[in-house]
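data.pdb (PDB, C-alpha atoms) appears below.
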```pdb
MODEL        1
ATOM      1  CA  MET A   1     -11.978  19.879  23.991
ATOM      2  CA  ASN A   2     -14.362  17.605  25.847
ATOM      3  CA  GLY A   3     -12.762  14.405  27.058
ATOM      4  CA  SER A   4     -10.262  13.046  29.510
ATOM      5  CA  ASP A   5      -7.535  14.902  31.370
ATOM      6  CA  ARG A   6      -4.788  12.879  29.689
ATOM      7  CA  LEU A   7      -6.193  13.580  26.210
ATOM      8  CA  LEU A   8      -6.194  17.272  27.089
ATOM      9  CA  GLU A   9      -2.510  16.957  28.023
ATOM     10  CA  LEU A  10      -1.787  15.460  24.578
ATOM     11  CA  CYS A  11      -3.545  18.437  22.948
ATOM     12  CA  ARG A  12      -1.725  21.002  25.047
ATOM     13  CA  GLY A  13       1.571  19.270  24.324
ATOM     14  CA  GLY A  14       0.950  19.387  20.578
ATOM     15  CA  ARG A  15       0.681  15.592  20.298
ATOM     16  CA  MET A  16      -2.974  15.702  19.103
ATOM     17  CA  GLN A  17      -4.470  18.167  16.618
ATOM     18  CA  TRP A  18      -8.160  18.471  15.710
ATOM     19  CA  THR A  19      -8.941  18.423  11.975
ATOM     20  CA  GLY A  20     -12.641  19.195  12.167
ATOM     21  CA  HIS A  21     -13.543  15.526  11.753
ATOM     22  CA  GLY A  22     -11.011  13.607  13.840
ATOM     23  CA  TRP A  23      -7.646  13.861  15.553
ATOM     24  CA  ILE A  24      -4.215  13.668  14.001
ATOM     25  CA  ALA A  25      -2.397  11.677  16.667
ATOM     26  CA  GLU A  26      -0.472   8.505  17.342
ATOM     27  CA  PRO A  27      -3.060   5.834  18.194
ATOM     28  CA  GLU A  28      -0.909   4.289  20.938
ATOM     29  CA  GLU A  29      -0.593   7.665  22.674
ATOM     30  CA  VAL A  30      -4.385   8.086  22.597
ATOM     31  CA  VAL A  31      -4.946   4.566  23.955
ATOM     32  CA  ASP A  32      -2.313   5.094  26.672
ATOM     33  CA  ALA A  33      -3.963   8.393  27.679
ATOM     34  CA  LEU A  34      -7.363   6.724  27.997
ATOM     35  CA  ALA A  35      -5.841   3.864  30.006
ATOM     36  CA  ARG A  36      -4.149   6.341  32.372
ATOM     37  CA  ASP A  37      -7.567   7.958  32.872
ATOM     38  CA  GLY A  38      -8.935   4.657  34.167
ATOM     39  CA  PHE A  39     -10.236   2.908  31.056
ATOM     40  CA  GLN A  40      -9.310  -0.774  31.053
ATOM     41  CA  GLU A  41      -8.911  -2.387  27.657
ATOM     42  CA  CYS A  42     -11.807  -4.636  26.621
ATOM     43  CA  LYS A  43     -11.103  -4.923  22.915
ATOM     44  CA  ARG A  44      -8.275  -4.168  20.518
ATOM     45  CA  GLU A  45      -8.146  -5.076  16.850
ATOM     46  CA  VAL A  46      -5.668  -4.061  14.164
ATOM     47  CA  ALA A  47      -6.466  -4.098  10.446
ATOM     48  CA  ARG A  48      -3.471  -4.954   8.278
ATOM     49  CA  ASN A  49      -2.678  -4.257   4.647
ATOM     50  CA  PRO A  50      -2.953  -7.603   2.823
ATOM     51  CA  VAL A  51       0.078  -6.849   0.637
ATOM     52  CA  ASP A  52       2.746  -5.822   3.158
ATOM     53  CA  HIS A  53       0.939  -6.687   6.429
ATOM     54  CA  ARG A  54       1.555  -3.231   7.880
ATOM     55  CA  PRO A  55      -1.125  -1.857  10.211
ATOM     56  CA  ALA A  56      -3.703   0.106   8.209
ATOM     57  CA  GLY A  57      -5.990   1.007  11.105
ATOM     58  CA  GLY A  58      -7.571  -0.327  14.226
ATOM     59  CA  VAL A  59     -10.065  -0.084  17.042
ATOM     60  CA  TRP A  60      -9.727   0.008  20.833
ATOM     61  CA  GLN A  61     -12.431  -0.052  23.497
ATOM     62  CA  GLY A  62     -12.081   0.398  27.212
ATOM     63  CA  LEU A  63     -14.334   0.415  30.266
ATOM     64  CA  ASN A  64     -13.893   2.515  33.383
ATOM     65  CA  ASN A  65     -15.022   0.124  36.132
ATOM     66  CA  GLN A  66     -15.460   2.950  38.660
ATOM     67  CA  THR A  67     -17.783   5.088  36.531
ATOM     68  CA  GLY A  68     -19.155   2.611  33.996
ATOM     69  CA  ALA A  69     -18.009   4.894  31.168
ATOM     70  CA  VAL A  70     -16.961   3.357  27.855
ATOM     71  CA  ALA A  71     -14.264   4.842  25.615
ATOM     72  CA  SER A  72     -13.605   3.974  21.983
ATOM     73  CA  ALA A  73     -10.811   4.928  19.622
ATOM     74  CA  VAL A  74     -10.865   4.061  15.921
ATOM     75  CA  TRP A  75      -7.967   4.986  13.675
ATOM     76  CA  VAL A  76      -6.871   4.951  10.062
ATOM     77  CA  LYS A  77      -3.164   5.081   9.275
ATOM     78  CA  SER A  78      -1.545   6.702   6.285
ATOM     79  CA  PRO A  79       2.198   6.737   5.564
ATOM     80  CA  ASP A  80       2.797  10.037   7.360
ATOM     81  CA  GLN A  81       0.057  10.276  10.022
ATOM     82  CA  SER A  82      -2.932   8.636  11.677
ATOM     83  CA  LEU A  83      -6.466   9.976  11.922
ATOM     84  CA  VAL A  84      -8.090   8.956  15.212
ATOM     85  CA  PHE A  85     -11.786   9.150  16.114
ATOM     86  CA  ILE A  86     -12.514   9.109  19.862
ATOM     87  CA  GLU A  87     -15.797   8.636  21.721
ATOM     88  CA  ILE A  88     -16.566   8.486  25.421
ATOM     89  CA  ASN A  89     -20.019   7.164  26.326
ATOM     90  CA  GLY A  90     -21.126   7.496  22.714
ATOM     91  CA  ARG A  91     -20.163  11.168  22.460
ATOM     92  CA  GLN A  92     -17.469  12.274  20.067
ATOM     93  CA  VAL A  93     -14.426  13.852  21.674
ATOM     94  CA  ALA A  94     -13.973  16.944  19.509
ATOM     95  CA  GLY A  95     -11.541  19.842  19.494
TER      96      GLY A  95
ENDMDL
END
```
Serialized structure, structure tokens:
Amino acid sequence: MNGSDRLLELCRGGRMQWTGHGWIAEPEEVVDALARDGFQECKREVARNPVDHRPAGGVWQGLNNQTGAVASAVWVKSPDQSLVFIEINGRQVAG
């Protein structure tokens, strides 16, 4: 996996699994891992289901002020899991 140290810890701990297209993971754990690696939140948006107002997906962006790197996480939630797409400096973080 290419990416941050904290994301690697999530993978090794079984908290993130690569599907070939994205990561099965809890979005908040991914965002927390990126924040612990020095990315400060710049943007966060949550899309909600118009019927029951539950979160259906979202986007998060952070900037590392020391390196100038930008991280993005976009996720889609289903009833039993979330699929998360992660990029750092425009490059997909893949398994």
Return as a Markdown table the residues of stretch 35-70 of chain A lying at most 10 Å from stretch 5-21 of chain A, together with the closest atom-to-atom pair for each and the distance in Å to one decimal, counting only C-alpha atoms, with rows in chain order and ascending residue number.
```
| residue | atom | partner | partner_atom | distance |
| --- | --- | --- | --- | --- |
| A:Ala35 | CA | A:Arg6 | CA | 9.1 |
| A:Arg36 | CA | A:Arg6 | CA | 7.1 |
| A:Asp37 | CA | A:Arg6 | CA | 6.5 |
```
Taking C-alpha atoms for each residue, export the selection above as a compact mmCIF listing (two decimals), keeping the file's coordinate frame.
```
# COMPACT_ATOMS: atom_id res chain seq x y z
CA ALA A 35 -5.84 3.86 30.01
CA ARG A 36 -4.15 6.34 32.37
CA ASP A 37 -7.57 7.96 32.87
```
Would you list the contacts of stretch 62-72 of chain A as a ChimeraX atom specification, taking every protein, DNA or RNA residue within 6 Å and counting all atoms listed in the file, but skipping same-chain residues closer than 3 positions in sequence? /A:38-42,86-89
Please report the interatomic distance between atom CA of A:Trp60 and atom CA of A:Val31 in Å with one decimal. 7.3 Å
Can you tell me which residues surround stretch 75-80 of chain A at a distance of at most 7 Å, considering all atoms listed in the file, apart from same-chain residues fewer than 6 positions away, and format the answer as a PyMOL selection string? chain A and resi 27+56-59
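Our summary of the geometry notes that atom CA of A:Val93 is positioned 27.5 Å from atom CA of A:Asn49.
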Given the choices A:Val74, A:Val84, A:Ala94, A:Val51, which gets closest to A:Ala25 if the distance is worked out from all atoms listed in the file? A:Val84
Point-to-point distance in Å for atom CA of A:Gly95 and atom CA of A:Ile24: 11.0 Å
Counting all atoms listed in the file, the option among A:Trp23, A:Lys43, A:Ser4, A:Pro50 closest to A:Gln81: A:Trp23
